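Visitor: Just one file: final-v1.cif, with mmCIF, C-alpha atoms and all ligand atoms.
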```
data_input
#
loop_
_atom_site.label_atom_id
_atom_site.label_comp_id
_atom_site.auth_asym_id
_atom_site.auth_seq_id
_atom_site.Cartn_x
_atom_site.Cartn_y
_atom_site.Cartn_z
CA MET M 28 78.94 99.49 113.22
CA THR M 29 80.08 95.88 113.22
CA GLY M 30 80.67 93.35 110.46
CA THR M 31 83.31 92.52 107.94
CA ALA M 32 84.58 95.27 105.66
CA PRO M 33 83.86 94.56 101.98
CA ALA M 34 86.87 93.14 100.16
CA GLY M 35 88.31 95.93 98.00
CA PRO M 36 91.64 96.60 96.37
CA ALA M 37 94.56 96.51 98.80
CA PRO M 38 95.47 100.01 100.05
CA PRO M 39 98.61 101.38 98.43
CA GLY M 40 102.02 101.02 100.00
CA LEU M 41 103.43 103.96 101.94
CA ALA M 42 106.70 105.90 101.66
CA LEU M 43 107.80 108.63 104.07
CA ALA M 44 110.73 111.00 103.63
CA GLY M 45 112.05 114.14 105.22
CA PRO M 46 114.97 116.02 106.69
CA THR M 47 116.70 114.02 109.43
CA ALA M 48 115.89 116.61 112.12
CA ALA M 49 112.17 116.59 111.27
CA VAL M 50 112.06 112.80 111.30
CA LEU M 51 113.84 112.57 114.65
CA ALA M 52 111.41 115.13 116.09
CA ALA M 53 108.45 113.06 114.86
CA ALA M 54 109.91 109.73 116.01
CA GLY M 55 110.25 110.52 119.72
CA ASP M 56 112.75 108.40 121.64
CA VAL M 57 114.52 106.29 119.01
CA ARG M 58 115.89 104.03 121.77
CA GLU M 59 112.36 102.74 122.26
CA LEU M 60 112.13 101.88 118.56
CA LEU M 61 115.48 100.47 117.44
CA THR M 62 117.06 97.15 118.43
CA GLY M 63 120.30 96.96 120.41
CA THR M 64 121.97 95.74 117.24
CA GLU M 65 120.90 98.84 115.33
CA LEU M 66 121.89 101.15 118.22
CA ASP M 67 125.32 99.49 118.26
CA ARG M 68 125.69 100.04 114.50
CA ALA M 69 124.73 103.69 114.95
CA GLY M 70 127.15 104.05 117.85
CA ALA M 71 130.01 102.78 115.71
CA LEU M 72 129.59 105.66 113.22
CA ARG M 73 132.16 108.36 113.83
CA SER M 74 130.26 111.39 112.52
CA ALA M 75 127.37 112.73 114.59
CA GLY M 76 125.55 113.59 111.35
CA ASP M 77 125.87 110.03 110.05
CA ARG M 78 124.60 108.68 113.39
CA GLU M 79 121.54 110.92 113.26
CA ASP M 80 120.79 109.99 109.65
CA PHE M 81 121.07 106.28 110.53
CA LEU M 82 118.84 106.58 113.62
CA ALA M 83 116.25 108.64 111.72
CA ALA M 84 116.05 106.21 108.78
CA HIS M 85 115.75 103.17 111.04
CA ALA M 86 113.03 104.91 113.10
CA LEU M 87 111.20 106.09 109.98
CA VAL M 88 110.92 102.59 108.51
CA ARG M 89 108.99 101.54 111.66
CA LEU M 90 106.72 104.59 111.49
CA CYS M 91 106.03 103.75 107.86
CA ALA M 92 105.36 100.04 108.40
CA GLY M 93 103.36 100.80 111.54
CA ARG M 94 101.05 103.11 109.59
CA LEU M 95 100.69 100.59 106.75
CA LEU M 96 99.91 97.70 109.09
CA GLY M 97 97.86 99.71 111.59
CA ARG M 98 100.04 98.79 114.55
CA PRO M 99 102.40 100.65 116.87
CA ALA M 100 105.87 101.30 115.47
CA GLN M 101 107.31 100.10 118.81
CA SER M 102 105.90 96.62 118.17
CA LEU M 103 107.96 96.08 114.99
CA THR M 104 111.46 94.58 114.94
CA VAL M 105 113.73 95.29 111.96
CA VAL M 106 116.31 92.61 111.20
CA GLN M 107 118.88 92.68 108.41
CA SER M 108 121.06 90.20 106.56
CA CYS M 109 123.12 90.51 103.41
CA GLY M 110 123.36 86.82 102.50
CA SER M 111 127.15 87.04 102.25
CA CYS M 112 128.37 87.52 105.82
CA ASP M 113 127.11 87.33 109.41
CA ARG M 114 127.07 91.09 109.99
CA PRO M 115 123.61 92.59 110.73
CA HIS M 116 123.39 94.68 107.56
CA GLY M 117 121.80 94.41 104.11
CA ARG M 118 118.14 94.20 103.10
CA PRO M 119 115.84 94.94 106.05
CA ARG M 120 112.77 92.89 106.94
CA LEU M 121 110.22 92.84 109.75
CA LEU M 122 110.31 89.94 112.19
CA GLU M 123 106.59 90.31 112.97
CA ALA M 124 105.44 90.78 109.35
CA PRO M 125 107.75 88.84 107.04
CA GLY M 126 105.45 89.33 104.02
CA THR M 127 105.61 93.12 104.28
CA GLY M 128 108.36 94.71 102.21
CA VAL M 129 110.39 97.47 103.87
CA SER M 130 113.23 99.65 102.66
CA LEU M 131 115.20 102.62 103.98
CA ALA M 132 117.78 105.12 102.79
CA HIS M 133 119.89 107.87 104.33
CA THR M 134 121.88 110.65 102.77
CA ARG M 135 123.44 113.72 104.40
CA GLY M 136 120.63 115.37 106.38
CA TRP M 137 117.76 113.47 104.71
CA VAL M 138 116.14 110.05 105.09
CA ALA M 139 113.45 107.98 103.38
CA ALA M 140 111.62 104.75 104.14
CA ALA M 141 108.96 102.63 102.49
CA ALA M 142 106.63 99.77 103.45
CA ALA M 143 104.49 97.76 101.03
CA HIS M 144 102.51 94.54 100.71
CA GLY M 145 105.26 93.16 98.45
CA PRO M 146 108.91 94.01 97.73
CA VAL M 147 109.80 97.70 97.83
CA GLY M 148 112.97 99.74 97.40
CA VAL M 149 113.60 103.41 98.22
CA ASP M 150 116.51 105.73 97.65
CA VAL M 151 117.22 109.42 98.33
CA GLU M 152 120.19 111.59 97.43
CA THR M 153 120.98 115.18 98.42
CA LEU M 154 121.85 117.73 95.75
CA ASP M 155 125.11 118.97 97.21
CA GLY M 156 126.06 121.54 94.58
CA HIS M 157 128.82 119.33 93.14
CA PRO M 158 129.15 119.19 89.35
CA LEU M 159 128.44 115.97 87.47
CA ASP M 160 131.27 113.43 87.72
CA GLN M 161 131.55 112.22 84.11
CA ARG M 162 133.29 108.96 85.03
CA VAL M 163 130.62 108.01 87.55
CA ALA M 164 127.92 108.94 85.03
CA GLU M 165 129.53 106.74 82.36
CA ALA M 166 129.76 103.83 84.79
CA VAL M 167 126.10 104.10 85.80
CA CYS M 168 124.21 105.30 82.69
CA ASN M 169 123.53 103.80 79.28
CA GLU M 170 124.06 105.87 76.09
CA GLU M 171 120.52 107.26 75.99
CA GLU M 172 120.66 108.28 79.65
CA LEU M 173 124.08 109.87 79.21
CA ALA M 174 122.83 111.96 76.29
CA ALA M 175 119.81 113.12 78.30
CA VAL M 176 121.91 113.86 81.40
CA ARG M 177 124.46 115.90 79.43
CA ALA M 178 121.72 117.86 77.64
CA ALA M 179 119.85 118.64 80.87
CA GLU M 180 119.77 122.13 82.36
CA ASP M 181 121.17 120.66 85.60
CA PRO M 182 123.20 117.55 84.60
CA ARG M 183 123.98 116.53 88.18
CA ARG M 184 120.30 116.55 89.12
CA ALA M 185 119.39 114.66 85.93
CA PHE M 186 122.04 112.06 86.76
CA LEU M 187 120.83 111.64 90.34
CA ARG M 188 117.28 111.22 89.02
CA GLN M 189 118.40 108.10 87.14
CA TRP M 190 120.68 106.98 89.97
CA VAL M 191 117.93 106.92 92.63
CA ARG M 192 115.73 104.94 90.23
CA LYS M 193 118.47 102.38 89.75
CA GLU M 194 119.29 102.13 93.45
CA SER M 195 115.64 101.62 94.32
CA LEU M 196 115.55 98.77 91.77
CA VAL M 197 118.72 97.31 93.31
CA LYS M 198 117.13 97.43 96.75
CA VAL M 199 113.97 95.75 95.53
CA GLY M 200 116.15 92.95 94.16
CA ALA M 201 115.39 93.61 90.46
CA ALA M 202 118.85 94.82 89.48
CA THR M 203 122.47 94.86 90.61
CA LEU M 204 124.73 97.88 91.03
CA ASP M 205 127.27 96.27 88.67
CA GLY M 206 124.60 96.00 85.98
CA ALA M 207 123.29 99.57 86.45
CA ALA M 208 124.68 100.85 83.13
CA ARG M 209 122.96 98.01 81.25
CA LEU M 210 119.49 98.74 82.61
CA ASP M 211 117.34 100.10 79.77
CA LEU M 212 115.47 102.40 82.11
CA PRO M 213 113.21 105.14 80.73
CA VAL M 214 114.85 108.55 81.08
CA TYR M 215 113.30 110.63 83.90
CA GLY M 216 110.44 112.76 82.59
CA GLN M 217 109.62 110.34 79.76
CA ARG M 218 106.83 107.78 80.04
CA PRO M 219 106.36 105.20 81.39
CA ALA M 220 107.75 105.68 84.87
CA SER M 221 108.18 101.94 85.22
CA TRP M 222 110.63 99.20 84.35
CA SER M 223 109.87 95.55 83.79
CA GLY M 224 106.66 95.71 85.82
CA TRP M 225 108.17 97.79 88.63
CA ARG M 226 106.47 101.15 89.17
CA LEU M 227 108.85 104.03 89.77
CA LEU M 228 107.54 106.81 92.00
CA ASP M 229 109.87 109.79 91.51
CA TRP M 230 109.84 112.58 94.06
CA GLY M 231 112.06 115.42 95.18
CA SER M 232 112.55 119.05 96.12
CA ASP M 233 115.17 121.74 95.56
CA ARG M 234 117.53 119.86 97.87
CA VAL M 235 116.88 116.16 97.25
CA VAL M 236 115.76 113.61 94.70
CA GLY M 237 114.28 110.24 95.52
CA CYS M 238 112.52 107.23 94.06
CA VAL M 239 110.43 104.30 95.28
CA ALA M 240 110.19 101.07 93.25
CA ALA M 241 107.39 98.58 93.87
CA ARG M 242 104.96 96.38 91.94
CA GLU M 243 102.05 98.01 93.72
CA GLU M 244 100.85 101.59 93.85
CA MET M 245 102.73 103.67 96.40
CA ARG M 246 101.85 106.96 98.05
CA LEU M 247 104.45 109.33 99.45
CA ARG M 248 104.28 111.72 102.38
CA LEU M 249 106.98 114.30 103.01
CA LEU M 250 107.68 115.25 106.64
CA GLY M 251 108.92 118.62 107.82
C1 LIG B 1 122.01 98.61 98.58
C2 LIG B 1 123.11 99.66 98.48
C3 LIG B 1 123.32 100.00 97.03
C4 LIG B 1 122.65 100.93 99.26
O1 LIG B 1 123.71 101.69 99.68
P1 LIG B 1 123.89 103.26 99.91
O2 LIG B 1 123.53 104.05 98.73
O3 LIG B 1 125.25 103.40 100.43
O4 LIG B 1 122.96 103.69 101.10
P2 LIG B 1 121.40 104.05 101.24
O5 LIG B 1 121.30 104.98 102.36
O6 LIG B 1 120.78 104.42 99.95
O7 LIG B 1 120.75 102.65 101.68
C5 LIG B 1 121.28 101.97 102.74
C6 LIG B 1 120.25 101.00 103.29
O8 LIG B 1 119.82 100.09 102.30
C7 LIG B 1 119.52 98.85 102.94
N1 LIG B 1 120.20 97.81 102.18
C8 LIG B 1 121.50 97.46 102.22
N2 LIG B 1 121.72 96.45 101.35
C9 LIG B 1 120.54 96.18 100.76
C10 LIG B 1 120.13 95.24 99.78
N3 LIG B 1 120.97 94.37 99.23
N4 LIG B 1 118.82 95.24 99.40
C11 LIG B 1 117.95 96.11 99.94
N5 LIG B 1 118.28 97.04 100.88
C12 LIG B 1 119.57 97.05 101.28
C13 LIG B 1 119.99 98.94 104.38
O9 LIG B 1 118.86 99.15 105.21
C14 LIG B 1 120.86 100.17 104.38
O10 LIG B 1 120.81 100.94 105.53
P3 LIG B 1 121.65 100.57 106.86
O11 LIG B 1 123.03 100.24 106.42
O12 LIG B 1 121.53 101.79 107.69
O13 LIG B 1 120.94 99.41 107.45
C15 LIG B 1 124.43 99.12 99.07
O14 LIG B 1 124.26 98.83 100.43
C16 LIG B 1 124.94 97.90 98.33
O15 LIG B 1 125.54 98.01 97.28
N6 LIG B 1 124.71 96.69 98.85
C17 LIG B 1 125.06 95.45 98.17
C18 LIG B 1 126.48 95.01 98.44
C19 LIG B 1 126.61 94.43 99.79
O16 LIG B 1 125.65 93.97 100.36
N7 LIG B 1 127.81 94.45 100.32
C20 LIG B 1 128.12 93.93 101.63
C21 LIG B 1 128.10 92.44 101.69
S1 LIG B 1 129.09 91.85 102.99
ZN ZN B 2 127.59 91.40 104.65
#
```
Please rewrite the model in this file as structure tokens.
Ligand SMILES: CC(C)(COP(=O)(O)OP(=O)(O)OC[C@H]1O[C@@H](n2cnc3c(N)ncnc32)[C@H](O)[C@@H]1OP(=O)(O)O)[C@@H](O)C(=O)NCCC(=O)NCCS
Ligand SMILES: [Zn+2]

Guide:
Amino acid sequence: MTGTAPAGPAPPGLALAGPTAAVLAAAGDVRELLTGTELDRAGALRSAGDREDFLAAHALVRLCAGRLLGRPAQSLTVVQSCGSCDRPHGRPRLLEAPGTGVSLAHTRGWVAAAAAHGPVGVDVETLDGHPLDQRVAEAVCNEEELAAVRAAEDPRRAFLRQWVRKESLVKVGAATLDGAARLDLPVYGQRPASWSGWRLLDWGSDRVVGCVAAREEMRLRLLG
């Protein structure tokens, strides 16, 4: 059939997440995907685990954007700048699709990435069995969040639930890490799962918690 597709609502943005090993298996040869700059950054990491997490996250953001845009992941170039120095780090963007928002995150053994028609931020944290660090919680949470975190069955998990929301809002450019404790974010599990027009898509498993922040609807696929 030929002709122009009827104009409908834009398809939702896409987030992908999974264990590093599963993502690397799905990505194929990461050297065909990443830039020399990214491969150099990976090569400078001392721990093999950190290198794999970095490579997987930077590959996954191409797989994600490629699926959203309907083009091969190999055809997309990720560039990064922080606005403060000349090092190739900071918020990622796509050279070939500057209007498409992309974001990535890596934690020990897990990675996440997101691509959307507007700004998007993603974060993931592993539940490592450590107890809640009260000082970190006080620095990051407001009074209402602190009360909810301390009353939770698993305070560390409850804290990380709020933390990944805040980091995804930082990555989208809606908040700063310094101002995290002043964000009047809804407590995880209470409605609405949004803040100041940003939708918060919470996800997780026994081992990880994550969040995606975007203005638009997002769908999430877990790999592995
Ligand atoms: C954004 C930030 C909170 C995420 O850090 P993190 O929890 O350690 O790591 P995550 O795995 O969750 O996310 C890291 C990814 O976020 C992206 N990122 C970094 N800074 C970002 C920013 N300002 N906005 C959006 N995304 C950003 C990068 O892709 C980075 O991955 P990479 O280093 O492999 O390229 C942290 O990088 C930060 O505080 N940045 C602001 C301060 C800064 O830029 N300092 C250096 C200036 S010289
Ligand atoms: Zn910098």

Visitor: Which is closer to Leu103 of chain M than all the others in M:Leu61, M:Ala143, M:Asp80, M:Ala54, using all atoms listed in the file?

Guide: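 So, comparing all the options, the nearest one is M:Leu61.
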
Visitor: Can you tell me which residues sit at most 7 Å away from ligand LIG 1 (chain B), counting all atoms listed in the file, written as JSON, numbers by chain?

Guide: {"M": [81, 85, 109, 111, 112, 116, 117, 118, 119, 130, 131, 132, 133, 134, 148, 150, 151, 194, 197, 198, 199, 200, 204]}

Visitor: Could those selected residues go to a file with C-alpha atoms, as a PDB file, in the frame of the given file?

Guide:
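The resulting file, result.pdb, is shown below:
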```pdb
ATOM      1  CA  PHE M  81     121.070 106.280 110.530  1.00  0.00           C
ATOM      2  CA  HIS M  85     115.750 103.170 111.040  1.00  0.00           C
ATOM      3  CA  CYS M 109     123.120  90.510 103.410  1.00  0.00           C
ATOM      4  CA  SER M 111     127.150  87.040 102.250  1.00  0.00           C
ATOM      5  CA  CYS M 112     128.370  87.520 105.820  1.00  0.00           C
ATOM      6  CA  HIS M 116     123.390  94.680 107.560  1.00  0.00           C
ATOM      7  CA  GLY M 117     121.800  94.410 104.110  1.00  0.00           C
ATOM      8  CA  ARG M 118     118.140  94.200 103.100  1.00  0.00           C
ATOM      9  CA  PRO M 119     115.840  94.940 106.050  1.00  0.00           C
ATOM     10  CA  SER M 130     113.230  99.650 102.660  1.00  0.00           C
ATOM     11  CA  LEU M 131     115.200 102.620 103.980  1.00  0.00           C
ATOM     12  CA  ALA M 132     117.780 105.120 102.790  1.00  0.00           C
ATOM     13  CA  HIS M 133     119.890 107.870 104.330  1.00  0.00           C
ATOM     14  CA  THR M 134     121.880 110.650 102.770  1.00  0.00           C
ATOM     15  CA  GLY M 148     112.970  99.740  97.400  1.00  0.00           C
ATOM     16  CA  ASP M 150     116.510 105.730  97.650  1.00  0.00           C
ATOM     17  CA  VAL M 151     117.220 109.420  98.330  1.00  0.00           C
ATOM     18  CA  GLU M 194     119.290 102.130  93.450  1.00  0.00           C
ATOM     19  CA  VAL M 197     118.720  97.310  93.310  1.00  0.00           C
ATOM     20  CA  LYS M 198     117.130  97.430  96.750  1.00  0.00           C
ATOM     21  CA  VAL M 199     113.970  95.750  95.530  1.00  0.00           C
ATOM     22  CA  GLY M 200     116.150  92.950  94.160  1.00  0.00           C
ATOM     23  CA  LEU M 204     124.730  97.880  91.030  1.00  0.00           C
TER      24      LEU M 204
END
```

Visitor: Mind checking which residues fall within 9 Å of segment 34-50 of chain M, counting all atoms listed in the file, ignoring those fewer than 6 positions away in the same chain, and posting them as number ranges by chain?

Guide: M: 79-84, 86-88, 90-92, 94-95, 133, 135-145, 147, 149, 151, 237, 239, 241, 243-251

Visitor: Just the selected residues (C-alpha atoms), exported as a short mmCIF file (atom, residue, chain, number, x, y, z; two decimals), keeping the file's coordinate frame, please.

Guide:
```cif
data_model
loop_
_atom_site.label_atom_id
_atom_site.label_comp_id
_atom_site.auth_asym_id
_atom_site.auth_seq_id
_atom_site.Cartn_x
_atom_site.Cartn_y
_atom_site.Cartn_z
CA GLU M 79 121.54 110.92 113.26
CA ASP M 80 120.79 109.99 109.65
CA PHE M 81 121.07 106.28 110.53
CA LEU M 82 118.84 106.58 113.62
CA ALA M 83 116.25 108.64 111.72
CA ALA M 84 116.05 106.21 108.78
CA ALA M 86 113.03 104.91 113.10
CA LEU M 87 111.20 106.09 109.98
CA VAL M 88 110.92 102.59 108.51
CA LEU M 90 106.72 104.59 111.49
CA CYS M 91 106.03 103.75 107.86
CA ALA M 92 105.36 100.04 108.40
CA ARG M 94 101.05 103.11 109.59
CA LEU M 95 100.69 100.59 106.75
CA HIS M 133 119.89 107.87 104.33
CA ARG M 135 123.44 113.72 104.40
CA GLY M 136 120.63 115.37 106.38
CA TRP M 137 117.76 113.47 104.71
CA VAL M 138 116.14 110.05 105.09
CA ALA M 139 113.45 107.98 103.38
CA ALA M 140 111.62 104.75 104.14
CA ALA M 141 108.96 102.63 102.49
CA ALA M 142 106.63 99.77 103.45
CA ALA M 143 104.49 97.76 101.03
CA HIS M 144 102.51 94.54 100.71
CA GLY M 145 105.26 93.16 98.45
CA VAL M 147 109.80 97.70 97.83
CA VAL M 149 113.60 103.41 98.22
CA VAL M 151 117.22 109.42 98.33
CA GLY M 237 114.28 110.24 95.52
CA VAL M 239 110.43 104.30 95.28
CA ALA M 241 107.39 98.58 93.87
CA GLU M 243 102.05 98.01 93.72
CA GLU M 244 100.85 101.59 93.85
CA MET M 245 102.73 103.67 96.40
CA ARG M 246 101.85 106.96 98.05
CA LEU M 247 104.45 109.33 99.45
CA ARG M 248 104.28 111.72 102.38
CA LEU M 249 106.98 114.30 103.01
CA LEU M 250 107.68 115.25 106.64
CA GLY M 251 108.92 118.62 107.82
#
```

Visitor: Between M:Ser108, M:Arg73, M:Leu60, M:Ala240, which has the minimum distance to ligand ZN 2 (chain B) (counting all atoms listed in the file)?

Guide: M:Ser108

Visitor: With distances taken over only C-alpha atoms, which of M:Ala208, M:Arg78, M:Gly224, M:Ala52 is nearest to Arg162 of chain M?

Guide: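 Nearest to Arg162 of chain M: M:Ala208.
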
Visitor: Which residue gives the smallest distance to ligand ZN 2 (chain B) among M:Gly70, M:Gly156, M:Gly55, M:Pro115, with all atoms listed in the file counted?

Guide: M:Pro115

Visitor: Have a look at M:Gly110, M:Pro213, M:Pro182, M:Pro158 and name the one nearest to ligand ZN 2 (chain B); count only C-alpha atoms and all ligand atoms.

Guide: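 Going through M:Gly110, M:Pro213, M:Pro182, M:Pro158 one by one, the smallest distance to ligand ZN 2 (chain B) is for M:Gly110.
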
Visitor: For Leu212 of chain M, work out the shell of residues within 12 Å, counting all atoms listed in the file and skipping chain neighbours fewer than 6 positions away, then give it as a PDB file with C-alpha atoms, in the frame of the given file.

Guide:
```pdb
ATOM      1  CA  VAL M 167     126.100 104.100  85.800  1.00  0.00           C
ATOM      2  CA  CYS M 168     124.210 105.300  82.690  1.00  0.00           C
ATOM      3  CA  ASN M 169     123.530 103.800  79.280  1.00  0.00           C
ATOM      4  CA  GLU M 170     124.060 105.870  76.090  1.00  0.00           C
ATOM      5  CA  GLU M 171     120.520 107.260  75.990  1.00  0.00           C
ATOM      6  CA  GLU M 172     120.660 108.280  79.650  1.00  0.00           C
ATOM      7  CA  LEU M 173     124.080 109.870  79.210  1.00  0.00           C
ATOM      8  CA  ARG M 188     117.280 111.220  89.020  1.00  0.00           C
ATOM      9  CA  GLN M 189     118.400 108.100  87.140  1.00  0.00           C
ATOM     10  CA  TRP M 190     120.680 106.980  89.970  1.00  0.00           C
ATOM     11  CA  VAL M 191     117.930 106.920  92.630  1.00  0.00           C
ATOM     12  CA  ARG M 192     115.730 104.940  90.230  1.00  0.00           C
ATOM     13  CA  LYS M 193     118.470 102.380  89.750  1.00  0.00           C
ATOM     14  CA  GLU M 194     119.290 102.130  93.450  1.00  0.00           C
ATOM     15  CA  LEU M 196     115.550  98.770  91.770  1.00  0.00           C
ATOM     16  CA  ALA M 202     118.850  94.820  89.480  1.00  0.00           C
ATOM     17  CA  GLY M 206     124.600  96.000  85.980  1.00  0.00           C
ATOM     18  CA  ARG M 218     106.830 107.780  80.040  1.00  0.00           C
ATOM     19  CA  PRO M 219     106.360 105.200  81.390  1.00  0.00           C
ATOM     20  CA  ALA M 220     107.750 105.680  84.870  1.00  0.00           C
ATOM     21  CA  SER M 221     108.180 101.940  85.220  1.00  0.00           C
ATOM     22  CA  TRP M 222     110.630  99.200  84.350  1.00  0.00           C
ATOM     23  CA  SER M 223     109.870  95.550  83.790  1.00  0.00           C
ATOM     24  CA  GLY M 224     106.660  95.710  85.820  1.00  0.00           C
ATOM     25  CA  TRP M 225     108.170  97.790  88.630  1.00  0.00           C
ATOM     26  CA  ARG M 226     106.470 101.150  89.170  1.00  0.00           C
ATOM     27  CA  LEU M 227     108.850 104.030  89.770  1.00  0.00           C
TER      28      LEU M 227
END
```
